[in-house]
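Here the structure comes first, spelled out in structure tokens, and everything after it is commentary.
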Amino acid sequence: MSQIIGQTVGGRYHVDSLIAQGGMASVFLATDLRLDRKVALKVIHPHLANDASFVSKFTREAKIAAALAHPNLINVFDQGQDGALVFLAMEYIKGITLRQALDDFGAFDSEQTLELIEGVLAGLAAAHKAGILHRDIKPENVFLADDGRIKLGDFGLAREIQNNTTTGNLIGTVAYLSPELVTRGLADARSDIYAVGIMMFEMLTGRQPFEGEQAVQVAYQHANDRVPAPSTVKATISPLLDEIVLWATTREAHYRPKNAEELHKVIVRAQKEIGRIEQAKTARIARDLAPTSVLPDDALLFGEEGFVEDGDYDVEPAAATPWNNTDGTQVLGDGWNDDDFGTSGFSATQVLPNFDESLQEPEPAAELDFWAKLRRSERRRGWFWVALTAAVLVAGSATGWYFSAGPGALNTVPALAGQSLSNAQQNLAAFDSNPSVIQENSSDVAKGKVTRTDPAGGTLATHGTHFKIFVSSGPKMVAAPDLYGLDLVSATARIATSGFTLGKVDSWFNNSEATKIYDYTGFVGVGKTTGKIADHSAISLKVSLGPLPVVAGLSQDVATTLLTAAGLARPTITTEYSNTVAKGNVISLVPSGSLMGAGSKVQLVVSKGSETVIMPTVVGETIAAAQKLLTDVGLVPVVSTNQLQSNYGIAKVTSASKNQGATLHVGDTVILSSY
């Protein structure tokens with residue numbers, strides 16, 4: 001793809017440099033010549049540009065992204081096709097990705113994490129509100145601009161939200177896949193929330209919650225294990241952030257925030273809480289703590305009943321309840337105001353909305369608070385755990401076998417493009433012993449070779465998944481348009497309307513009328529039906545410069561002037577004797593090749609005039625001696641005799657057609673007779 005650097009795509013975007021390259025597309029830094037601004041130009045790899053299904057998905061990405069306007073989303077400006085190049089013009093963000101930031105700087109502190117997640121959720125909330133799932137939330141798709149902006153991009157896997165979205169293959173990066181995507185291939189807005197929670201865990205701790213040598217191991221953990229609290233990795237992490245991560249990554253989808261907007265409100269509130277906690281810590285460093293004291297109202301920030309509202313406490317040192325060393329042990333005031341929760345979105349006990357039954361388990365009793373239930377479930381003891389542990393061990397072993405070696409094992413589909421059909425069938429035998437074979441046209445993959453598979457290479461699939469192998473039948477061949485005799489403008493228009501692209505244009509001297517097309521890709525002959533060429537391919541043209549100037553018989557100077565005026569290079573000169581062309585005039589023009597264009601070199605053969613010689617004495621000489629005398633002076637001997645050639649050294653010349661001493665021209669013929 002790097003060969004397009006320096007070219008102008010779509011007649012508008014001058015490609016400056018390569019920014020990034022992935023499995024499906026490359027991203028270039030380009031200049032929008034029309035609006036004089038930098039853009040990021042996303043270009044599909046050539047082997048995918050001929051896949052109508054993929055191009056359709058790529059076009060859908062452009063439409064989806066273009067419909068979303070938000071400061072935290074990367075804007076899409078344009079989408080189009082230039083010949084074989086299918087491209088997307090997007091807002092160029094000068095900066096780094098969140099992945100690069102994590103690799104370079106490691107884990108973030110609480111305030112940095114909340115600030116970045118707030119920006120991501122603000123953009124994602126706009127997408128969810130518009131009815132769009134992202135489905136590929138990961139640090140690689142979060143862009144951190146040099147000017148401080150936070151942008152969520154790459155809606156390549158996005159699609160409209162339905163009750164639940166079913167995908168035939170697992171999509172997105174496995175480290176951020178929600179349990180319902182791994183086990184059932186189902187996704188809704190809460191699947192995006194799960195990915196945000198995993199990303200938040202990684203930002204706080206510097207590592208992902210689930211790791212493994214193979215993708216299937218990570219997927220298995222997402223499906224069967226609970227995400228641990230970030231503080232189990234890094235003890236200094238606030239319990240408040242633990243609660244948020246655990247809420248967003250709860251294995252049961254119906255316990256998570258229903259969409260990005262709901263989680264965004266929590267993150268905004270958490271930013272305030274973390275800020276106040278830090279202020280309170282700083283303010284209280286100087287306090288002398290009594291052995292047993294009445295705690296101020298702000299001591300409890302997040303408890304069994306959820307988030308505390310702004311009016312429930314005050315963290316300012318002067319307003320806090322004074323410490324009283326004589327109070328001893330006292331009952332803490334609850335400091336809660338349930339009426340406030342309903343308007344804040346963080347009520348202690350919430351009635352969770354009903355979602356598609358395929359994603360939810362039976363709802364808990366309405367009066368049970370989720371947070372209390374979650375904590376109690378972690379604190380249960382006794383015989384129940386003994387029985388449950390035994391059941392889990394048995395179920396875990398069976399499940400582990402099922403997902404690692406059994407029918408449910410997830411394995412990466414090999415990339416088979418360009419391989420032979422037999423190799424592809426052999427490589428897919430572990431998935432499908434009898435895949436379907438489908439022929440399709442391809443201008444990039446040789447005939448008989450695999451163009452793609454469905455499911456595609458690089459995705460995850462289980463044993464028993466039915467595969468389709470697409471094999472190239474070569475490019476689709478169609479009749480070339482008739483362009484003979486058209487001028488360049490008319491020919492270009494006809495090429496475009498016929499579904500082709502303009503290829504190389506050359507101008508050569510030809511006996512056809514100047515400025516007219518006399519040859520092109522697919523041209524067979526004047527008055528004949530055009531040949532077959534690859535559909536949507538480039539058509540190269542040859543435009544006539546008219547015939548070469550006729551200079552034979554003209555003087556050398558005049559001939560040189562005519563040739564240079566026609567656009568040819570100044571000719572080189574050679575000379576020859578000529579009995580027919582006067583001295584100094586051109587005998588002939590010699591082209592340097594079969595195709596002559598502007599600047600081509602030619603050679604002029606110029607006459608030196610006629611050369612004369614004196615007829616030598618040949619009568620009485622042997623035939624052989626007479627022949628040598630004539631050729632030595634430039635004359636051409638012709639022998640007329642009844643003698644054998646073997647006797648030419650003995651037989652004498654009895655007469656000659658030219659008299660001795662006569663003035664002759666070089667190259668004249670003299671007949672020698674011997675009888």
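Labels used: A, B, ... for chains in the order of the structure tokens, numbers from 1 for residues in each chain, and numbers from 1 for ligands as shown.
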> Quick one: residues within 7 Å of stretch 257-267 of chain A, only C-alpha atoms counted, chain neighbours fewer than 5 positions away excluded, as a VMD selection string?
Replying inline: chain A and resid 114 118 121 to 122 124 to 125 128 189 to 190 193 248
> Residues at most 6 Å from A:Asn72, counting only C-alpha atoms, excluding those fewer than 3 positions away in the same chain, as a PyMOL selection string?
Replying inline: chain A and resi 123+150-151
Quick one: write out the picked residues with C-alpha atoms as a PDB file, in the first residue's frame?
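Okay, result-v1.pdb is ready:
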ATOM      1  CA  GLY A 123     -18.577   9.730  22.941  1.00  0.00           C
ATOM      2  CA  ILE A 150     -10.002  12.380  23.971  1.00  0.00           C
ATOM      3  CA  LYS A 151     -11.464  10.682  20.898  1.00  0.00           C
TER       4      LYS A 151
END
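If you measure from each of A:Leu116, A:Ile198, A:Leu421, A:Leu181 to A:Gln439 using only C-alpha atoms, the closest one turns out to be A:Leu421.
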> Leaving out stretch 629-646 of chain A and any residue of its chain fewer than 3 positions from it, which residues lie within 12 Å of it when counting only C-alpha atoms, given as a VMD selection string?
Replying inline: chain A and resid 577 611 to 619 621 to 626 649 to 658 660 663 to 675
> Which parts of stretch 605-653 of chain A does DSSP call strand (DSSP E) when run on the backbone here, written out as a ChimeraX atom specification?
Replying inline: /A:605-607,612-614,636-641
>> Just list as a PyMOL selection string whatever in stretch 15-119 of chain A DSSP marks as alpha helix (DSSP H).
In response: chain A and resi 46-49+52-66+98-105+110-119
Dump as a short mmCIF file (atom, residue, chain, number, x, y, z; two decimals), in the first residue's frame, selection limited to N, CA and C atoms:
data_model
loop_
_atom_site.label_atom_id
_atom_site.label_comp_id
_atom_site.auth_asym_id
_atom_site.auth_seq_id
_atom_site.Cartn_x
_atom_site.Cartn_y
_atom_site.Cartn_z
N PRO A 46 -5.88 -3.99 -1.02
CA PRO A 46 -6.37 -4.36 -2.36
C PRO A 46 -7.10 -5.70 -2.41
N HIS A 47 -6.63 -6.70 -1.63
CA HIS A 47 -7.25 -8.02 -1.71
C HIS A 47 -8.66 -8.03 -1.11
N LEU A 48 -9.00 -6.98 -0.35
CA LEU A 48 -10.35 -6.88 0.22
C LEU A 48 -11.24 -5.92 -0.56
N ALA A 49 -10.61 -5.06 -1.38
CA ALA A 49 -11.39 -4.07 -2.11
C ALA A 49 -12.31 -4.70 -3.14
N ALA A 52 -17.21 -7.51 -2.36
CA ALA A 52 -18.37 -6.62 -2.29
C ALA A 52 -18.94 -6.55 -0.88
N SER A 53 -18.91 -7.69 -0.17
CA SER A 53 -19.45 -7.72 1.19
C SER A 53 -18.61 -6.85 2.12
N PHE A 54 -17.29 -6.96 1.99
CA PHE A 54 -16.42 -6.17 2.86
C PHE A 54 -16.54 -4.68 2.55
N VAL A 55 -16.58 -4.36 1.25
CA VAL A 55 -16.71 -2.94 0.86
C VAL A 55 -18.02 -2.38 1.39
N SER A 56 -19.07 -3.22 1.37
CA SER A 56 -20.36 -2.78 1.89
C SER A 56 -20.26 -2.47 3.39
N LYS A 57 -19.54 -3.31 4.13
CA LYS A 57 -19.35 -3.07 5.57
C LYS A 57 -18.53 -1.81 5.79
N PHE A 58 -17.51 -1.62 4.96
CA PHE A 58 -16.66 -0.44 5.07
C PHE A 58 -17.48 0.83 4.81
N THR A 59 -18.35 0.77 3.80
CA THR A 59 -19.21 1.91 3.49
C THR A 59 -20.19 2.16 4.63
N ARG A 60 -20.68 1.07 5.23
CA ARG A 60 -21.59 1.21 6.38
C ARG A 60 -20.90 1.90 7.54
N GLU A 61 -19.60 1.57 7.76
CA GLU A 61 -18.83 2.23 8.81
C GLU A 61 -18.82 3.73 8.59
N ALA A 62 -18.60 4.13 7.32
CA ALA A 62 -18.55 5.56 7.01
C ALA A 62 -19.89 6.22 7.33
N LYS A 63 -20.97 5.59 6.94
CA LYS A 63 -22.29 6.17 7.17
C LYS A 63 -22.62 6.25 8.66
N ILE A 64 -22.27 5.17 9.39
CA ILE A 64 -22.53 5.16 10.83
C ILE A 64 -21.74 6.25 11.52
N ALA A 65 -20.42 6.30 11.23
CA ALA A 65 -19.56 7.27 11.89
C ALA A 65 -19.93 8.70 11.50
N ALA A 66 -20.29 8.90 10.22
CA ALA A 66 -20.65 10.24 9.76
C ALA A 66 -21.93 10.74 10.42
N LEU A 98 -4.39 5.32 23.35
CA LEU A 98 -4.33 4.91 24.75
C LEU A 98 -3.41 3.71 24.92
N ARG A 99 -3.38 2.82 23.94
CA ARG A 99 -2.47 1.66 24.01
C ARG A 99 -1.02 2.12 24.08
N GLN A 100 -0.65 3.10 23.25
CA GLN A 100 0.72 3.60 23.29
C GLN A 100 1.02 4.25 24.63
N ALA A 101 0.03 4.96 25.18
CA ALA A 101 0.23 5.59 26.49
C ALA A 101 0.45 4.54 27.57
N LEU A 102 -0.33 3.47 27.55
CA LEU A 102 -0.17 2.40 28.54
C LEU A 102 1.19 1.72 28.39
N ASP A 103 1.61 1.50 27.13
CA ASP A 103 2.91 0.86 26.90
C ASP A 103 4.06 1.75 27.36
N ASP A 104 3.90 3.05 27.16
CA ASP A 104 4.99 3.97 27.48
C ASP A 104 5.04 4.35 28.95
N PHE A 105 3.87 4.53 29.59
CA PHE A 105 3.83 5.09 30.94
C PHE A 105 3.27 4.15 31.99
N SER A 110 -5.88 7.46 39.68
CA SER A 110 -7.35 7.44 39.68
C SER A 110 -7.94 8.61 38.90
N GLU A 111 -7.40 9.81 39.12
CA GLU A 111 -7.96 10.99 38.47
C GLU A 111 -7.75 10.94 36.96
N GLN A 112 -6.55 10.50 36.52
CA GLN A 112 -6.29 10.37 35.08
C GLN A 112 -7.22 9.34 34.45
N THR A 113 -7.39 8.22 35.14
CA THR A 113 -8.26 7.16 34.61
C THR A 113 -9.68 7.66 34.44
N LEU A 114 -10.21 8.33 35.46
CA LEU A 114 -11.58 8.82 35.39
C LEU A 114 -11.74 9.87 34.29
N GLU A 115 -10.73 10.73 34.13
CA GLU A 115 -10.81 11.76 33.09
C GLU A 115 -10.88 11.13 31.70
N LEU A 116 -10.04 10.12 31.45
CA LEU A 116 -10.02 9.47 30.14
C LEU A 116 -11.30 8.66 29.91
N ILE A 117 -11.71 7.91 30.92
CA ILE A 117 -12.92 7.10 30.78
C ILE A 117 -14.15 7.99 30.58
N GLU A 118 -14.17 9.15 31.25
CA GLU A 118 -15.30 10.07 31.08
C GLU A 118 -15.41 10.51 29.63
N GLY A 119 -14.27 10.83 28.98
CA GLY A 119 -14.30 11.23 27.58
C GLY A 119 -14.75 10.11 26.67
#
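Contact shell of A:Leu68 at 8 Å (only C-alpha atoms; same-chain neighbours under 3 positions omitted): Ile64, Ala65, Leu73, Asn75, Ala126, Ala127 and Ala130 of chain A.
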Same residues, N, CA and C atoms, saved as a PDB file, in the first residue's frame:
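Output below, filename selection_30.pdb:
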ATOM      1  N   ILE A  64     -22.266   5.170   9.391  1.00  0.00           N
ATOM      2  CA  ILE A  64     -22.535   5.160  10.827  1.00  0.00           C
ATOM      3  C   ILE A  64     -21.738   6.252  11.522  1.00  0.00           C
ATOM      4  N   ALA A  65     -20.419   6.296  11.234  1.00  0.00           N
ATOM      5  CA  ALA A  65     -19.560   7.274  11.894  1.00  0.00           C
ATOM      6  C   ALA A  65     -19.927   8.698  11.500  1.00  0.00           C
ATOM      7  N   LEU A  73     -15.823  11.892  19.564  1.00  0.00           N
ATOM      8  CA  LEU A  73     -15.815  10.905  18.489  1.00  0.00           C
ATOM      9  C   LEU A  73     -15.032  11.458  17.306  1.00  0.00           C
ATOM     10  N   ASN A  75     -14.423  12.452  13.734  1.00  0.00           N
ATOM     11  CA  ASN A  75     -15.331  12.819  12.659  1.00  0.00           C
ATOM     12  C   ASN A  75     -14.937  12.153  11.348  1.00  0.00           C
ATOM     13  N   ALA A 126     -23.094   9.045  23.057  1.00  0.00           N
ATOM     14  CA  ALA A 126     -23.704   9.629  21.856  1.00  0.00           C
ATOM     15  C   ALA A 126     -24.011   8.547  20.826  1.00  0.00           C
ATOM     16  N   ALA A 127     -23.114   7.559  20.707  1.00  0.00           N
ATOM     17  CA  ALA A 127     -23.352   6.453  19.774  1.00  0.00           C
ATOM     18  C   ALA A 127     -24.535   5.607  20.232  1.00  0.00           C
ATOM     19  N   ALA A 130     -27.758   7.206  19.618  1.00  0.00           N
ATOM     20  CA  ALA A 130     -28.127   7.166  18.198  1.00  0.00           C
ATOM     21  C   ALA A 130     -28.472   5.753  17.746  1.00  0.00           C
TER      22      ALA A 130
END
> Between A:Ser422, A:Ser544, A:Thr530, A:Thr501, which has the minimum distance to A:Ala514 (counting only C-alpha atoms)?
Replying inline: A:Ser544
